[in-house]
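This is query34.txt (compact mmCIF, N, CA and C atoms).
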# COMPACT_ATOMS: atom_id res chain seq x y z
N MET N 1 171.39 86.22 103.42
CA MET N 1 170.79 87.52 103.52
C MET N 1 171.89 88.58 103.34
N PRO N 2 171.69 89.51 102.47
CA PRO N 2 172.69 90.55 102.27
C PRO N 2 172.82 91.43 103.53
N LYS N 3 173.99 92.06 103.67
CA LYS N 3 174.26 92.87 104.85
C LYS N 3 173.29 94.04 104.96
N ALA N 4 172.89 94.62 103.85
CA ALA N 4 171.97 95.76 103.89
C ALA N 4 170.63 95.33 104.48
N ASP N 5 170.14 94.15 104.10
CA ASP N 5 168.87 93.66 104.65
C ASP N 5 169.00 93.36 106.15
N ALA N 6 170.14 92.78 106.54
CA ALA N 6 170.36 92.47 107.95
C ALA N 6 170.42 93.74 108.78
N LEU N 7 171.07 94.78 108.26
CA LEU N 7 171.18 96.05 108.96
C LEU N 7 169.80 96.69 109.10
N PHE N 8 169.00 96.66 108.04
CA PHE N 8 167.67 97.24 108.06
C PHE N 8 166.79 96.51 109.08
N THR N 9 166.88 95.19 109.10
CA THR N 9 166.08 94.40 110.03
C THR N 9 166.48 94.70 111.47
N THR N 10 167.78 94.83 111.69
CA THR N 10 168.25 95.13 113.04
C THR N 10 167.75 96.50 113.48
N GLN N 11 167.81 97.49 112.60
CA GLN N 11 167.35 98.83 112.96
C GLN N 11 165.84 98.82 113.24
N CYS N 12 165.08 98.09 112.43
CA CYS N 12 163.64 98.00 112.65
C CYS N 12 163.34 97.37 114.01
N ARG N 13 164.10 96.33 114.34
CA ARG N 13 163.89 95.68 115.63
C ARG N 13 164.20 96.63 116.78
N CYS N 14 165.25 97.42 116.65
CA CYS N 14 165.60 98.38 117.69
C CYS N 14 164.50 99.42 117.86
N VAL N 15 163.96 99.91 116.76
CA VAL N 15 162.90 100.90 116.82
C VAL N 15 161.66 100.30 117.46
N LEU N 16 161.28 99.08 117.03
CA LEU N 16 160.10 98.43 117.60
C LEU N 16 160.28 98.14 119.09
N THR N 17 161.48 97.75 119.46
CA THR N 17 161.75 97.50 120.88
C THR N 17 161.59 98.78 121.68
N GLY N 18 162.09 99.89 121.15
CA GLY N 18 161.95 101.18 121.82
C GLY N 18 160.50 101.59 121.93
N ILE N 19 159.72 101.36 120.88
CA ILE N 19 158.30 101.72 120.92
C ILE N 19 157.56 100.87 121.95
N MET N 20 157.89 99.59 122.03
CA MET N 20 157.22 98.72 123.00
C MET N 20 157.66 99.02 124.42
N ALA N 21 158.88 99.50 124.60
CA ALA N 21 159.38 99.76 125.95
C ALA N 21 158.87 101.08 126.51
N ALA N 22 158.47 102.01 125.66
CA ALA N 22 158.04 103.34 126.13
C ALA N 22 156.88 103.26 127.12
N PRO N 23 155.81 102.50 126.84
CA PRO N 23 154.73 102.42 127.84
C PRO N 23 155.18 101.80 129.16
N LEU N 24 156.10 100.85 129.09
CA LEU N 24 156.60 100.22 130.32
C LEU N 24 157.38 101.23 131.16
N LEU N 25 158.14 102.09 130.50
CA LEU N 25 158.88 103.10 131.24
C LEU N 25 157.93 104.10 131.89
N ALA N 26 156.85 104.44 131.20
CA ALA N 26 155.87 105.36 131.77
C ALA N 26 155.20 104.74 132.98
N VAL N 27 154.87 103.45 132.91
CA VAL N 27 154.24 102.76 134.03
C VAL N 27 155.22 102.66 135.19
N THR N 28 156.48 102.37 134.91
CA THR N 28 157.48 102.24 135.95
C THR N 28 157.62 103.53 136.73
N GLN N 29 157.58 104.67 136.08
CA GLN N 29 157.71 105.94 136.78
C GLN N 29 156.51 106.17 137.69
N SER N 30 155.30 105.84 137.22
CA SER N 30 154.14 106.04 138.07
C SER N 30 154.11 105.06 139.23
N VAL N 31 154.62 103.85 139.02
CA VAL N 31 154.66 102.86 140.09
C VAL N 31 155.68 103.26 141.14
N THR N 32 156.82 103.80 140.72
CA THR N 32 157.81 104.21 141.70
C THR N 32 157.36 105.45 142.46
N ALA N 33 156.50 106.27 141.87
CA ALA N 33 156.00 107.45 142.58
C ALA N 33 154.91 107.07 143.58
N ALA N 34 154.19 106.00 143.33
CA ALA N 34 153.07 105.61 144.18
C ALA N 34 153.47 105.33 145.62
N PRO N 35 154.57 104.59 145.90
CA PRO N 35 154.90 104.33 147.29
C PRO N 35 155.15 105.60 148.10
N LEU N 36 155.63 106.68 147.46
CA LEU N 36 155.86 107.91 148.19
C LEU N 36 154.55 108.50 148.69
N ASP N 37 153.46 108.27 147.96
CA ASP N 37 152.16 108.76 148.39
C ASP N 37 151.63 107.97 149.57
N ASP N 38 152.12 106.77 149.77
CA ASP N 38 151.60 105.88 150.82
C ASP N 38 152.43 105.90 152.09
N VAL N 39 153.37 106.82 152.20
CA VAL N 39 154.21 106.89 153.39
C VAL N 39 153.38 107.05 154.66
N PRO N 40 152.38 107.96 154.70
CA PRO N 40 151.57 108.06 155.92
C PRO N 40 150.83 106.77 156.26
N LEU N 41 150.36 106.06 155.23
CA LEU N 41 149.67 104.80 155.46
C LEU N 41 150.60 103.77 156.08
N PHE N 42 151.79 103.62 155.51
CA PHE N 42 152.73 102.64 156.03
C PHE N 42 153.20 103.00 157.44
N ALA N 43 153.42 104.27 157.70
CA ALA N 43 153.84 104.70 159.04
C ALA N 43 152.74 104.43 160.06
N SER N 44 151.50 104.73 159.69
CA SER N 44 150.38 104.48 160.58
C SER N 44 150.22 102.98 160.83
N HIS N 45 150.39 102.19 159.78
CA HIS N 45 150.28 100.74 159.93
C HIS N 45 151.36 100.20 160.85
N GLN N 46 152.56 100.72 160.76
CA GLN N 46 153.63 100.26 161.65
C GLN N 46 153.32 100.61 163.11
N ARG N 47 152.77 101.79 163.34
CA ARG N 47 152.41 102.17 164.71
C ARG N 47 151.29 101.27 165.23
N PHE N 48 150.32 100.95 164.36
CA PHE N 48 149.24 100.04 164.76
C PHE N 48 149.79 98.67 165.12
N ARG N 49 150.66 98.13 164.27
CA ARG N 49 151.23 96.80 164.52
C ARG N 49 152.02 96.77 165.83
N ALA N 50 152.76 97.83 166.09
CA ALA N 50 153.54 97.88 167.33
C ALA N 50 152.62 97.83 168.55
N ALA N 51 151.55 98.62 168.52
CA ALA N 51 150.61 98.62 169.65
C ALA N 51 149.89 97.28 169.75
N TYR N 52 149.48 96.74 168.62
CA TYR N 52 148.75 95.47 168.61
C TYR N 52 149.60 94.33 169.18
N PHE N 53 150.83 94.22 168.70
CA PHE N 53 151.68 93.12 169.16
C PHE N 53 152.13 93.31 170.60
N ALA N 54 152.24 94.55 171.05
CA ALA N 54 152.57 94.78 172.45
C ALA N 54 151.41 94.32 173.34
N ALA N 55 150.18 94.60 172.91
CA ALA N 55 149.01 94.13 173.68
C ALA N 55 148.92 92.61 173.65
N CYS N 56 149.20 92.02 172.50
CA CYS N 56 149.18 90.54 172.40
C CYS N 56 150.24 89.92 173.30
N ALA N 57 151.40 90.55 173.39
CA ALA N 57 152.47 90.01 174.23
C ALA N 57 152.07 90.04 175.70
N MET N 58 151.29 91.05 176.09
CA MET N 58 150.86 91.10 177.48
C MET N 58 149.82 90.04 177.81
N CYS N 59 149.17 89.49 176.79
CA CYS N 59 148.14 88.46 177.01
C CYS N 59 148.76 87.09 177.31
N ARG N 60 150.03 86.95 177.05
CA ARG N 60 150.67 85.66 177.32
C ARG N 60 150.91 85.49 178.81
N PRO N 61 150.70 84.28 179.29
CA PRO N 61 150.95 84.03 180.72
C PRO N 61 152.43 84.17 181.02
N PRO N 62 152.83 84.40 182.20
CA PRO N 62 152.01 84.51 183.40
C PRO N 62 151.57 85.95 183.65
N GLU N 63 150.36 86.08 184.12
CA GLU N 63 149.86 87.38 184.54
C GLU N 63 150.05 87.50 186.05
N PRO N 64 150.15 88.72 186.55
CA PRO N 64 150.31 88.86 188.01
C PRO N 64 149.07 88.38 188.76
N THR N 65 149.26 88.04 189.98
CA THR N 65 148.16 87.58 190.83
C THR N 65 147.16 88.70 191.04
N CYS N 66 145.88 88.33 191.04
CA CYS N 66 144.81 89.33 191.20
C CYS N 66 144.90 90.04 192.55
N ASN N 67 144.37 91.25 192.56
CA ASN N 67 144.27 92.07 193.77
C ASN N 67 145.64 92.37 194.40
N THR N 68 146.61 92.59 193.55
CA THR N 68 147.94 92.99 194.02
C THR N 68 148.32 94.29 193.32
N PRO N 69 149.26 95.02 193.84
CA PRO N 69 149.70 96.25 193.15
C PRO N 69 150.26 95.96 191.75
N GLU N 70 150.91 94.80 191.60
CA GLU N 70 151.46 94.43 190.29
C GLU N 70 150.33 94.20 189.29
N ALA N 71 149.24 93.59 189.76
CA ALA N 71 148.09 93.35 188.87
C ALA N 71 147.43 94.65 188.47
N ASP N 72 147.34 95.59 189.41
CA ASP N 72 146.77 96.89 189.08
C ASP N 72 147.63 97.62 188.04
N ALA N 73 148.93 97.60 188.23
CA ALA N 73 149.83 98.24 187.26
C ALA N 73 149.76 97.54 185.90
N TYR N 74 149.64 96.23 185.95
CA TYR N 74 149.50 95.44 184.72
C TYR N 74 148.24 95.86 183.96
N GLU N 75 147.13 95.99 184.67
CA GLU N 75 145.86 96.39 184.04
C GLU N 75 145.95 97.79 183.44
N VAL N 76 146.61 98.69 184.15
CA VAL N 76 146.77 100.06 183.64
C VAL N 76 147.59 100.04 182.34
N ARG N 77 148.70 99.31 182.33
CA ARG N 77 149.53 99.21 181.11
C ARG N 77 148.76 98.56 179.97
N PHE N 78 148.03 97.49 180.30
CA PHE N 78 147.28 96.77 179.27
C PHE N 78 146.17 97.65 178.68
N ASN N 79 145.45 98.36 179.54
CA ASN N 79 144.40 99.26 179.05
C ASN N 79 144.98 100.38 178.19
N ALA N 80 146.14 100.89 178.57
CA ALA N 80 146.79 101.93 177.76
C ALA N 80 147.17 101.38 176.38
N LEU N 81 147.67 100.14 176.34
CA LEU N 81 148.01 99.54 175.05
C LEU N 81 146.76 99.31 174.20
N LEU N 82 145.68 98.91 174.82
CA LEU N 82 144.44 98.72 174.06
C LEU N 82 143.92 100.04 173.50
N ARG N 83 144.02 101.12 174.31
CA ARG N 83 143.62 102.44 173.80
C ARG N 83 144.51 102.87 172.63
N GLU N 84 145.81 102.62 172.78
CA GLU N 84 146.75 102.95 171.69
C GLU N 84 146.42 102.15 170.44
N ASP N 85 146.13 100.88 170.61
CA ASP N 85 145.75 100.01 169.50
C ASP N 85 144.50 100.55 168.81
N TYR N 86 143.50 100.92 169.59
CA TYR N 86 142.25 101.45 169.04
C TYR N 86 142.49 102.79 168.33
N ASP N 87 143.29 103.66 168.94
CA ASP N 87 143.58 104.96 168.32
C ASP N 87 144.32 104.79 166.99
N ARG N 88 145.27 103.87 166.95
CA ARG N 88 146.02 103.65 165.70
C ARG N 88 145.10 103.05 164.63
N LEU N 89 144.16 102.20 165.04
CA LEU N 89 143.21 101.63 164.08
C LEU N 89 142.31 102.72 163.52
N GLU N 90 141.87 103.64 164.36
CA GLU N 90 141.08 104.77 163.87
C GLU N 90 141.90 105.66 162.94
N GLU N 91 143.17 105.83 163.26
CA GLU N 91 144.07 106.62 162.41
C GLU N 91 144.18 105.98 161.03
N LEU N 92 144.32 104.66 161.00
CA LEU N 92 144.37 103.95 159.72
C LEU N 92 143.08 104.13 158.94
N ALA N 93 141.95 104.03 159.62
CA ALA N 93 140.66 104.13 158.95
C ALA N 93 140.43 105.53 158.41
N ALA N 94 141.05 106.53 159.00
CA ALA N 94 140.85 107.91 158.57
C ALA N 94 141.66 108.28 157.34
N ILE N 95 142.63 107.47 156.98
CA ILE N 95 143.45 107.76 155.80
C ILE N 95 142.61 107.47 154.56
N PRO N 96 142.39 108.48 153.71
CA PRO N 96 141.53 108.28 152.55
C PRO N 96 142.19 107.34 151.52
N ALA N 97 141.36 106.58 150.86
CA ALA N 97 141.85 105.71 149.79
C ALA N 97 142.19 106.58 148.58
N LYS N 98 143.20 106.17 147.87
CA LYS N 98 143.61 106.90 146.67
C LYS N 98 143.07 106.16 145.46
N ALA N 99 142.53 106.92 144.53
CA ALA N 99 142.03 106.33 143.29
C ALA N 99 143.21 105.95 142.42
N SER N 100 143.17 104.75 141.87
CA SER N 100 144.25 104.33 140.98
C SER N 100 143.98 104.89 139.59
N ALA N 101 145.06 105.22 138.93
CA ALA N 101 144.93 105.83 137.60
C ALA N 101 144.79 104.79 136.53

Taking this structure as input, can you express it in the form of structure tokens?
Amino acid sequence: MPKADALFTTQCRCVLTGIMAAPLLAVTQSVTAAPLDDVPLFASHQRFRAAYFAACAMCRPPEPTCNTPEADAYEVRFNALLREDYDRLEELAAIPAKASA
């Protein structure tokens, strides 16, 4: 193959590669911008998980003996965690879904 043909083929390949890569670059920019829109969702989810796992941890034995001051304090803490869990779940549900482009 003469050098002129090889040079022309190489240039054509470079142009075609650039044309094929352009849509990928456009998609990459929109994909990298998308997580910034979801920051409130991720933050709310982290708060929900923290409350949920704290409540789950309190369910593990041993629990304090019934009808003691420790049991009353335990119930107050547990109920507060359940309220927090419920509030965070409502917060998550209130975040509107975003339409994908």

(request) For atom C of Asp85 of chain N and atom C of Arg47 of chain N, determine how far apart the two atoms are, in Å to one decimal place. (result)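 Separation of atom C of Asp85 of chain N and atom C of Arg47 of chain N: 7.7 Å.
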
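From atom N of Glu91 of chain N back to atom CA of Cys56 of chain N, the distance works out to 18.8 Å.
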
(message) If I take atom C of Arg83 of chain N and atom N of Ile95 of chain N, how far is one from the other in Å, to one decimal?
(response) 16.4 Å

(request) For Arg88 of chain N, work out the shell of residues within 8 Å, counting all atoms listed in the file and skipping chain neighbours fewer than 2 positions away, then give it as a ChimeraX atom specification. (result) /N:44-45,47-49,51,82-86,90-94
